[in-house]
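Remarks on the structure that follows.
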Amino acid sequence: MHNIFINLYKYRELIAALTWKNIVIRYKQAYLGILWAVLKPIMLMLVFTLVKSFVGIETGGLPYPLITFAALIPWVFFQESVSEGVNSVTSNASLIKKIYFPREVFPLTAMVTKLVELLISFAILAGMMIYYQVMPTVQAVWIPAFVLYTMIVALTISFFGAAMNVYYRDIGQAIPIALSLLMYGSPVIYPLSLVQKKLVIEQAAGAWSNDLYFLYTLNPLVGIIDGFQSALIRATQPDFDVIYPGLILILTILPFSYWFFKRAENWFADVI
Amino acid sequence: MAIIEVNHLTKEYQLGHLTSLKETALNTLRRLAFQPVHERELFKALDDVNFHIDEGEVVGIIGHNGAGKSTLLKHLANISKPTKGEVIVRGSVAPLIEVGAGVNPELTGRENIYLNGAILGIPKKIIQRKLDEIIDFSELEQFIDTPVKRYSSGMTVKLGFSIATTMDADVLIVDEVLAVGDLAFQRKCFDRMEELIKRQGKTVLLVSHNIRQIQRICNRVILLDHGKVNMDDDPQMVCNAYYEQSDKKINANASKSQTVFEGSGELELIEIYFKNHDGQKVDSISYSGDCSLHFKIHSLRELEDVTFGFGFHTTDFLYLTTHNSEEQLNINLLPIGNHEICCDIKNLPLLPGIYSLRFGITAGQTARTVLYGENLKHFQIVGDIPITIREGFFALDAMWTQQTSKQAPVTSTSKA
């Protein structure tokens with residue numbers, strides 16, 4: 001497992017070069033350039049804000065666009081990292097057939113590429129916070145930890161998905177669908193407090209309420225998104241009870257996912 | 001200790017596609033559990049390959065298409081994993097398997113140098129230091145800031161080769177890269193390879209269909225045939241054996257389809273044969289001996305001013321000789337019917353080996369081609385050659401002497 005970190009260091013120049021290539025190629029002939037990268041969360045935020053004006057979602061007195069954008073930042077980063085990561089091996093078939101380096105470089109590169117775009121999103125969030133006059137507090141120090149956690153979640157899925165996708169291209173097709181479903185299972189459009197109110201306080205699902213809530217928190221994105229909002233907007237300590245189930249689940253799966261990838265890697269060049 | 005060790009290397013591929021859904025599902029379960037799937041037919045791309053390569057050796061790998069050359073290189077470069085056996089490489093490997101594999105069309109030449117450098121594992125510092133040298137070698141100064149998608153294919157491979165040979169590795173693995181660019185650039189690539197090999201003493205593995213290049217550059221050649229090591233020896237021996245093998249294949253193909261002829265239909269070629277100096281029909285001729293070459297033809301129409309010509313060539317169509325009948329045999333009118341013409345050859349200077357023959361007939365004032373064919377007859381030259389001749393196609397009638405000079409006597413070790 002610690003091989004990841006050794007390789008990450010050893011192949012840092014390669015990852016940097018491939019990341020730079022990904023970014024340059026994607027935006028080279030586009031007039032708006034890298035702005036396209038942040039257009040997605042902005043558009044989603046605008047749509048959600050519009051929807052919110054019809055349905056009415058409780059936000060605890062905070063401006064809804066800000067709360068949603070703070071949720072969209074980790075969500076879009078996660079979603080894009082996973083869909084890029086899962087396709088990263090198959091889309092580099094020519095390299096895989098011609099040259100050897102540890103194949104985890106591909107999912108890692110996909111993620112680092114998205115990290116660059118994430119930084120730009122943060123700049124926009126900063127602008128919005130100034131506009132709404134919400135100042136970050138000392139709680140913002142949690143953000144790097146949450147970004148790292150998001151990366152680990154994305155990698156866990158990417159490793160398994162990318163390896164499977166080499167053998168079965170169905171995975172590449174299924175991932176976008178699964179991810180868009182997962183978005184509704186994560187507190188992106190609605191705040192977590194709404195779920196807590198329904199399931200924990202009102203026990204809306206009867207005897208199943210607590211189990212359902214636990215199942216909900218197994219989704220690591222729940223803890224991440226809520227943590228982002230807490231640390232940046234609400235200026236409160238992240239709610240660790242929401243984080244633990246997902247974190248433990250992911251840390252359990254990650255070694256298996258990586259092991260699976262490394263096992264499958266041996267046949268990539270033959271099968272791809 | 002050998003720098004490369006290949007022990008009992010076997011690689012199997014599965015042939016064809018899965019058919020039924022049930023089979024697919026079952027195999028999916030097996031594969032998920034990393035159990036072997038037996039349903040499909042297996043193809044042995046490499047079959048129990050064994051060899052060791054020492055540091056500084058330059059080894060050529062030759063063989064027919066599908067003999068397993070590229071598969072072998074992929075294993076040495078760690079791209080594929082063996083089904084059975086092991087591959088040990090002690091040192092860093094620069095795989096030039098298809099130069100320019102990592103060249104991205106959207107990026108400029110300069111950007112590609114950095115990207116490919118990173119892909120090949122060349123540290124950025126070294127690339128920066130050698131940037132000018134790479135650009136200079138690639139002959140692309142003018143276009144280096146233009147996206148590669150606007151390059152010609154030749155320019156792209158030139159760029160790829162220039163980057164790849166910058167890599168400082170112990171073992172170079174080269175797959176058909178010397179056939180890059182125009183003649184002048186090929187020459188440059190060849191020199192660069194020779195420099196890497198001779199001056200820097202690198203271990204090189206080379207796959208090529210250009211046997212002459214292999215023969216020149218390598219000091220050992222491995223001949224693969226259907227995934228097995230057929231021969232592993234001195235280049236001269238192995239290349240000759242390969243030529244013979246190819247020859248058989250060419251002959252087999254030729255007998256299946258008619259030999260390609262260019263002919264006007266006025267004349268038919270019936271037979272070509274050699275006679276030795278005793279007047280016996282033979283297929284192999286002795287080196288430096290006398291022989292005669294006979295052509296039996298059947299003309300369907302009267303032909304005027306007929307000239308014959310034949311030539312020897314190697315099985316890879318390197319023309320070695322030509323000999324026309326002009327001024328030796330004047331036929332003003334060739335009547336309808338069978339004819340036999342003959343050409344006497346004295347002291348045949350071709351070195352032992354397999355050669356082939358081309359033959360043509362022209363007629364009329366304008367010397368139009370009535371018949372022309374290449375590879376018409378294969379023949380073998382046999383015999384022992386003197387110790388003074390080792391390689392080449394011809395024996396030279398030559399003699400070494402030492403000029404004795406009164407002013408400065410040269411010490412000779414051979415004679416006192």
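Each chain in the structure tokens gets a letter, A, B, ..., in the order shown, and its residues are numbered from 1; ligands are numbered from 1 in order too.
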Requested in this report: For chain A, report every residue with an atom at most 9 Å from chain B (counting only C-alpha atoms), formatted as a list in words.
Outcome: Tyr11, Glu13, Leu14, Ile15, Ala16, Ala17, Leu18, Trp20, Lys21, Val24, Ile25, Lys28, Ser94, Leu95, Ile96, Lys97, Lys98, Ile99, Tyr100, Phe101, Arg263, Ala264, Asn266, Trp267, Phe268, Ala269 and Asp270 of chain A
**Report entry** Long-range neighbours of A:Ile67 as a PyMOL selection string, 9 Å cut-off, only C-alpha atoms, 2 positions minimum in chain
**Finding:** chain A and resi 59+62-65+69-72+188+191+229+233-234
Quick one: everything within 12 Å of B:Ile389, counting only C-alpha atoms, minus sequence neighbours fewer than 6 positions away in the same chain. Send it as a PDB file with C-alpha atoms, in the first residue's frame.
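And here's result_8.pdb as it stands now:
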```pdb
ATOM      1  CA  PRO B 349      32.609 -14.602 -58.201  1.00  0.00           C
ATOM      2  CA  LEU B 350      29.459 -14.782 -56.067  1.00  0.00           C
ATOM      3  CA  LEU B 351      30.136 -15.931 -52.521  1.00  0.00           C
ATOM      4  CA  PRO B 352      28.290 -18.999 -51.219  1.00  0.00           C
ATOM      5  CA  ALA B 395      35.193 -12.271 -54.112  1.00  0.00           C
ATOM      6  CA  LEU B 396      37.764  -9.699 -55.038  1.00  0.00           C
ATOM      7  CA  ASP B 397      40.820 -10.823 -56.927  1.00  0.00           C
ATOM      8  CA  ALA B 398      43.194  -9.011 -54.633  1.00  0.00           C
ATOM      9  CA  MET B 399      46.468  -9.444 -52.785  1.00  0.00           C
TER      10      MET B 399
END
```
Query raised in the report: Got a sec to tell me which of stretch 123-164 of chain B DSSP assigns to alpha helix (DSSP H), as a PyMOL selection string?
Result: chain B and resi 124-138+153-164
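Minimum atom-to-atom distance to B:Phe137, evaluated using only C-alpha atoms, belongs to B:Arg192 out of B:Arg150, B:Arg90, B:Lys202, B:Arg192.
Taking only C-alpha atoms, the non-local environment of stretch 241-251 of chain A within 6 Å (same-chain residues fewer than 4 positions away omitted) comprises Thr217, Leu218, Asn219, Pro220 and Gly223 of chain A.
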Write the residues of the preceding selection, restricted to N, CA and C atoms, as a compact mmCIF listing (two decimals), in the first residue's frame.
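Saved to result.txt:
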```txt
# COMPACT_ATOMS: atom_id res chain seq x y z
N THR A 217 -25.04 7.95 6.02
CA THR A 217 -23.72 8.48 6.39
C THR A 217 -22.59 7.57 5.94
N LEU A 218 -22.93 6.35 5.50
CA LEU A 218 -21.87 5.50 4.93
C LEU A 218 -21.34 6.10 3.63
N ASN A 219 -22.15 6.90 3.00
CA ASN A 219 -21.70 7.63 1.81
C ASN A 219 -20.66 8.66 2.25
N PRO A 220 -19.41 8.47 1.89
CA PRO A 220 -18.37 9.37 2.38
C PRO A 220 -18.60 10.82 1.97
N GLY A 223 -20.21 13.15 4.68
CA GLY A 223 -19.32 13.77 5.65
C GLY A 223 -18.49 14.87 5.03
```
Requested in this report: Name the closest residue to B:Ile197 among the candidates B:Gly353, B:Gly56, B:Gly154, B:Gly392; distances are taken between atoms, counting only C-alpha atoms.
Outcome: B:Gly56
Requested in this report: Tell me, as number ranges by chain, which residues lie within 10 Å of B:Ile331, counting only C-alpha atoms; anything in the same chain fewer than 4 positions away does not count.
Outcome: B: 303-308, 325-326, 363
Query raised in the report: In Å, with one decimal, what is the gap from atom CA of B:His339 to atom CA of B:Ser299?
Result: 7.8 Å
Query raised in the report: Which neighbours of stretch 166-175 of chain A fall inside 6 Å, counting only C-alpha atoms, when residues of the same chain fewer than 4 positions from it are skipped, and could you give them as number ranges by chain?
Result: A: 90, 179, 272
Output file for the residues above (N, CA and C atoms, as a PDB file, in the first residue's frame):
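Saved file result_20.pdb follows:
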```pdb
ATOM      1  N   THR A  90      -7.970   3.272 -20.009  1.00  0.00           N
ATOM      2  CA  THR A  90      -8.364   2.932 -21.376  1.00  0.00           C
ATOM      3  C   THR A  90      -8.059   4.067 -22.344  1.00  0.00           C
ATOM      4  N   LEU A 179     -22.940   8.012 -10.685  1.00  0.00           N
ATOM      5  CA  LEU A 179     -22.541   9.242 -10.009  1.00  0.00           C
ATOM      6  C   LEU A 179     -23.697  10.236  -9.930  1.00  0.00           C
ATOM      7  N   ILE A 272      -6.213  -4.552 -23.298  1.00  0.00           N
ATOM      8  CA  ILE A 272      -6.773  -3.222 -23.577  1.00  0.00           C
ATOM      9  C   ILE A 272      -7.188  -3.067 -25.039  1.00  0.00           C
TER      10      ILE A 272
END
```
Report summary line: Judged by only C-alpha atoms, the minimum distance to B:Arg110 among B:Lys125, B:Val148, B:Glu86, B:Arg187 is found for B:Val148
**Report entry** strand (DSSP E or B) per DSSP on the backbone: members of stretch 169-331 of chain B, as a count of residues only
**Finding:** 65
Report task. Determine the nearest neighbour of B:Leu269 from the options B:Asn230, B:Asn338, B:Thr315, B:Ser405, counting only C-alpha atoms. Result -> B:Asn338
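Residue nearest A:Trp75 within the list A:Val195, A:Leu215, A:Val47, A:Met183: A:Met183 [criterion: smallest interatomic distance, only C-alpha atoms].
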